[in-house]
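Source file: work_5.txt; contents: compact mmCIF, C-alpha atoms.
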```txt
# COMPACT_ATOMS: atom_id res chain seq x y z
CA MET K 6 -18.44 10.64 -31.97
CA PHE K 7 -19.77 8.83 -35.02
CA VAL K 8 -22.12 5.91 -34.81
CA LYS K 9 -21.16 3.78 -37.80
CA GLY K 10 -23.84 4.21 -40.40
CA GLY K 11 -25.60 6.73 -38.18
CA THR K 12 -25.26 10.35 -37.19
CA THR K 13 -23.06 12.36 -34.86
CA SER K 14 -24.00 13.35 -31.33
CA SER K 15 -25.11 16.90 -30.55
CA ARG K 16 -22.01 17.31 -28.36
CA HIS K 17 -19.82 16.39 -31.34
CA ASP K 18 -21.73 18.77 -33.63
CA THR K 19 -21.26 21.61 -31.12
CA TYR K 20 -17.55 20.81 -30.85
CA VAL K 21 -17.12 20.82 -34.65
CA HIS K 22 -18.93 24.14 -35.00
CA GLU K 23 -16.79 25.67 -32.23
CA GLN K 24 -13.62 24.42 -33.93
CA GLU K 25 -14.72 25.77 -37.30
CA ALA K 26 -15.67 29.16 -35.80
CA ASP K 27 -12.26 29.37 -34.11
CA ALA K 28 -10.48 28.47 -37.35
CA GLU K 29 -12.45 31.10 -39.25
CA ARG K 30 -11.61 33.70 -36.58
CA ARG K 31 -7.89 32.85 -36.90
CA ARG K 32 -8.05 33.01 -40.72
CA ASN K 33 -9.69 36.44 -40.53
CA GLU K 34 -7.03 37.65 -38.08
CA GLU K 35 -4.27 36.42 -40.40
CA ASP K 36 -5.90 38.18 -43.35
CA ARG K 37 -6.09 41.41 -41.31
CA ILE K 38 -2.40 41.14 -40.38
CA ARG K 39 -1.38 40.49 -44.00
CA LYS K 40 -3.44 43.49 -45.15
CA ILE K 41 -1.62 45.73 -42.66
CA ALA K 42 1.73 44.26 -43.73
CA SER K 43 0.96 45.02 -47.39
CA VAL K 44 1.06 48.76 -46.65
CA PRO K 45 4.57 50.28 -46.30
CA VAL K 46 5.57 51.25 -42.75
CA GLU K 47 6.07 54.85 -43.85
CA GLN K 48 2.39 55.01 -44.81
CA GLY K 49 1.09 53.61 -41.53
CA GLY K 50 1.40 49.91 -42.38
CA GLY K 51 3.52 47.27 -40.77
CA LYS K 52 6.13 44.64 -41.42
CA LEU K 53 5.47 40.94 -41.12
CA PHE K 54 8.18 38.72 -39.69
CA SER K 55 8.09 34.95 -39.71
CA ASN K 56 10.01 31.98 -38.47
CA TYR K 57 10.06 30.21 -41.85
CA LEU K 58 13.56 29.02 -42.63
CA THR K 59 13.13 29.51 -46.36
CA PRO K 60 14.29 32.15 -48.81
CA ASN K 61 10.64 33.07 -49.37
CA PRO K 62 10.40 36.89 -49.26
CA GLU K 63 8.28 38.86 -46.81
CA GLY K 64 7.61 35.82 -44.65
CA LEU K 65 4.84 34.58 -46.94
CA PRO K 66 3.95 30.95 -46.43
CA VAL K 67 5.58 28.47 -48.77
CA GLU K 68 3.18 27.14 -51.38
CA THR K 69 2.53 23.43 -50.99
CA LEU K 70 2.70 21.06 -53.91
CA LYS K 71 -0.72 20.46 -55.48
CA ILE K 72 -2.38 17.40 -56.97
CA LEU K 73 -5.83 17.41 -58.58
CA LEU K 74 -7.64 14.25 -57.49
CA HIS K 75 -10.81 12.88 -59.12
CA TYR K 76 -13.20 10.84 -56.96
CA LEU K 77 -14.65 7.70 -58.54
CA THR K 78 -17.49 5.34 -57.68
CA PRO K 79 -16.73 1.73 -56.66
CA GLY K 80 -17.52 0.88 -60.30
CA GLY K 81 -14.82 3.25 -61.57
CA GLU K 82 -17.06 6.05 -62.86
CA GLN K 83 -16.60 9.76 -62.05
CA VAL K 84 -18.61 10.96 -59.01
CA TYR K 85 -20.67 14.10 -59.59
CA ASN K 86 -21.81 16.69 -57.08
CA LYS K 87 -24.42 19.17 -58.32
CA ASP K 88 -23.67 18.28 -61.97
CA LYS K 89 -19.92 18.92 -61.50
CA PRO K 90 -17.24 16.25 -61.21
CA LEU K 91 -16.21 15.70 -57.58
CA MET K 92 -12.56 16.71 -57.34
CA CYS K 93 -10.10 17.70 -54.63
CA LEU K 94 -7.05 19.94 -54.84
CA ALA K 95 -4.84 17.92 -52.52
CA ASP K 96 -1.66 19.22 -50.91
CA ILE K 97 1.65 17.41 -50.70
CA ILE K 98 3.74 18.53 -47.76
CA VAL K 99 7.44 17.73 -47.59
CA GLY K 100 9.09 17.06 -44.23
CA LEU K 101 6.07 17.31 -41.93
CA ASP K 102 7.92 15.04 -39.52
CA VAL K 103 11.21 16.58 -38.33
CA ALA K 104 12.69 13.10 -37.85
CA ASN K 105 12.06 12.31 -41.54
CA PRO K 106 12.61 15.55 -43.54
CA THR K 107 12.20 13.93 -46.97
CA GLU K 108 8.90 12.18 -46.22
CA LEU K 109 5.91 13.28 -48.30
CA THR K 110 2.46 13.69 -46.76
CA LEU K 111 -0.65 13.80 -48.93
CA VAL K 112 -3.54 15.86 -47.51
CA LEU K 113 -6.94 15.22 -49.10
CA VAL K 114 -10.61 15.46 -48.14
CA CYS K 115 -12.93 12.63 -47.12
CA PRO K 116 -16.07 12.98 -49.27
CA ARG K 117 -18.23 11.08 -46.79
CA CYS K 118 -17.28 13.37 -43.87
CA CYS K 119 -17.92 16.44 -46.06
CA GLU K 120 -21.58 15.44 -46.18
CA ARG K 121 -21.79 15.90 -42.39
CA MET K 122 -19.13 18.44 -41.39
CA PRO K 123 -17.32 21.54 -42.68
CA GLN K 124 -14.47 20.72 -45.08
CA GLY K 125 -11.83 21.94 -42.64
CA GLN K 126 -12.79 19.07 -40.34
CA CYS K 127 -12.66 16.42 -43.09
CA GLN K 128 -8.99 16.30 -44.02
CA ILE K 129 -7.01 13.07 -44.18
CA GLN K 130 -3.22 12.93 -43.97
CA VAL K 131 -1.60 10.00 -45.77
CA ARG K 132 2.09 9.80 -44.87
CA GLN K 133 4.45 7.73 -46.98
CA THR K 134 5.85 6.06 -43.88
CA ASN K 135 2.35 4.84 -42.89
CA ARG K 136 0.84 4.04 -46.31
CA SER K 137 2.94 3.49 -49.38
CA TRP K 138 2.31 5.80 -52.34
CA HIS K 139 4.48 7.16 -55.11
CA LEU K 140 4.64 10.65 -56.63
CA ASP K 141 5.52 10.52 -60.34
CA THR K 142 6.94 13.96 -61.17
CA ALA K 143 7.15 13.36 -64.94
CA LYS K 144 4.07 15.56 -65.49
CA GLY K 145 4.98 17.97 -62.69
CA GLY K 146 4.66 21.63 -63.56
CA GLU K 147 1.59 21.22 -65.77
CA LEU K 148 -1.07 23.86 -65.33
CA ILE K 149 -4.23 22.69 -63.57
CA VAL K 150 -7.32 24.79 -62.90
CA PHE K 151 -9.41 24.23 -59.80
CA GLU K 152 -12.45 26.39 -59.01
CA GLY K 153 -11.27 29.00 -61.49
CA ARG K 154 -7.75 29.39 -60.07
CA PRO K 155 -4.59 28.14 -61.81
CA TYR K 156 -2.07 25.93 -60.00
CA ARG K 157 1.03 23.99 -61.01
CA SER K 158 0.69 20.25 -60.63
CA ALA K 159 3.29 18.34 -58.62
CA GLY K 160 2.75 15.28 -60.80
CA THR K 161 0.74 12.09 -60.45
CA ILE K 162 0.00 9.93 -57.41
CA MET K 163 0.59 6.30 -58.34
CA ASP K 164 -0.18 3.00 -56.64
CA SER K 165 -1.17 4.03 -53.14
CA GLU K 166 -1.98 1.52 -50.46
CA LYS K 167 -5.50 1.51 -49.09
CA PHE K 168 -6.05 4.21 -46.47
CA THR K 169 -8.96 4.89 -44.10
CA CYS K 170 -10.53 8.12 -42.93
CA PRO K 171 -9.85 8.41 -39.18
CA ARG K 172 -13.39 9.76 -38.54
CA CYS K 173 -15.56 7.34 -40.51
CA THR K 174 -15.36 4.01 -42.32
CA TRP K 175 -14.53 5.42 -45.79
CA GLN K 176 -11.55 3.67 -47.38
CA ALA K 177 -9.86 4.29 -50.72
CA HIS K 178 -6.67 4.01 -52.70
CA ILE K 179 -5.27 6.36 -55.37
CA ASP K 180 -3.85 5.51 -58.77
CA LYS K 181 -3.15 8.02 -61.53
CA ASN K 182 -4.80 10.82 -59.48
CA ARG K 183 -8.03 8.83 -59.33
CA VAL K 184 -9.45 8.10 -55.87
CA HIS K 185 -10.94 4.59 -55.93
CA PRO K 186 -13.16 3.84 -52.90
CA GLU K 187 -12.97 0.39 -51.38
CA GLN K 188 -16.26 -1.48 -51.35
```
Full structure transcribed into structure tokens:
Amino acid sequence: MFVKGGTTSSRHDTYVHEQEADAERRRNEEDRIRKIASVPVEQGGGKLFSNYLTPNPEGLPVETLKILLHYLTPGGEQVYNKDKPLMCLADIIVGLDVANPTELTLVLVCPRCCERMPQGQCQIQVRQTNRSWHLDTAKGGELIVFEGRPYRSAGTIMDSEKFTCPRCTWQAHIDKNRVHPEQ
């Protein structure tokens, strides 16, 4: 657990490290399976089947929509981390909730939690049914580069309500792909 303004307990730190080690083990297993599936069956490889109900070939996961977010200071200036602008390649997931198949969910990273924990443990989900935000698709399809890899932008996040990280006290809102922390 977090003590507001303090540190985490050793039990929590152990739990986080166990979760991260398990996630890394599962990622490595998935990579191994995909490597085997990339070799034709006739040459000793395998075939990968999935339960995705999409026309995506070979059962590959569907790419999520991407948004490049820029983190700002409370004064509105760009935040820097090791002389590089602090940015996040956020995902937009459509239909995460089966009861609401058109709902959009924004998945981004809490910068305050990233100072204490691995990034996989620092993700925030902002659902449109919980916090209002709008995706402007007018600039969708533009090429964005994040950590040397190209992606296609889904557009621009406009006028989000204030949201809070569920693990700490960090609060922010997003406008024009700029993450504005609350003071």
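When CA of Phe151 (chain K) is paired with CA of Val99 (chain K), their separation reads 21.8 Å.
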| Among listed residues K:Glu147, K:Glu120, K:Asp88, K:Glu108, nearest Lys71 (chain K) (using only C-alpha atoms) |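 Among K:Glu147, K:Glu120, K:Asp88, K:Glu108, it is K:Glu147 that comes nearest to Lys71 (chain K).
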Per residue of region 77-101 of chain K within 9 Å of region 163-185 of chain K, record the nearest atom pair and its distance in Å to one decimal, counting all atoms listed in the file, with rows in chain order and ascending residue number, as a Markdown table.
```
| residue | atom | partner | partner_atom | distance |
| --- | --- | --- | --- | --- |
| K:Leu77 | CA | K:His185 | CA | 5.5 |
| K:Thr78 | CA | K:His185 | CA | 6.8 |
| K:Pro79 | CA | K:His185 | CA | 6.5 |
| K:Gly80 | CA | K:His185 | CA | 8.7 |
| K:Gly81 | CA | K:His185 | CA | 7.0 |
```
| query | What is the CA of Thr107 (chain K) to CA of Thr134 (chain K) distance in Å? | reply |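 Straight-line distance from CA of Thr107 (chain K) to CA of Thr134 (chain K) works out to 10.6 Å.
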| said: If I take CA of Cys93 (chain K) and CA of Arg31 (chain K), how far is one from the other in Å, to one decimal? | reply: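 Straight-line distance from CA of Cys93 (chain K) to CA of Arg31 (chain K) works out to 23.4 Å.
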| Closest of K:Gln133, K:Tyr20, K:Glu35, K:Ile41 to Asp102 (chain K) - atom-to-atom distances counting only C-alpha atoms |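 Checking each of K:Gln133, K:Tyr20, K:Glu35, K:Ile41 against Asp102 (chain K), counting only C-alpha atoms, the winner is K:Gln133.
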| task | Can you work out which one of K:Arg154, K:Arg30, K:Arg121, K:Lys87 has the shortest atom-to-atom distance to Thr13 (chain K), counting only C-alpha atoms? | result |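 Of all the options, K:Arg121 lies closest to Thr13 (chain K).
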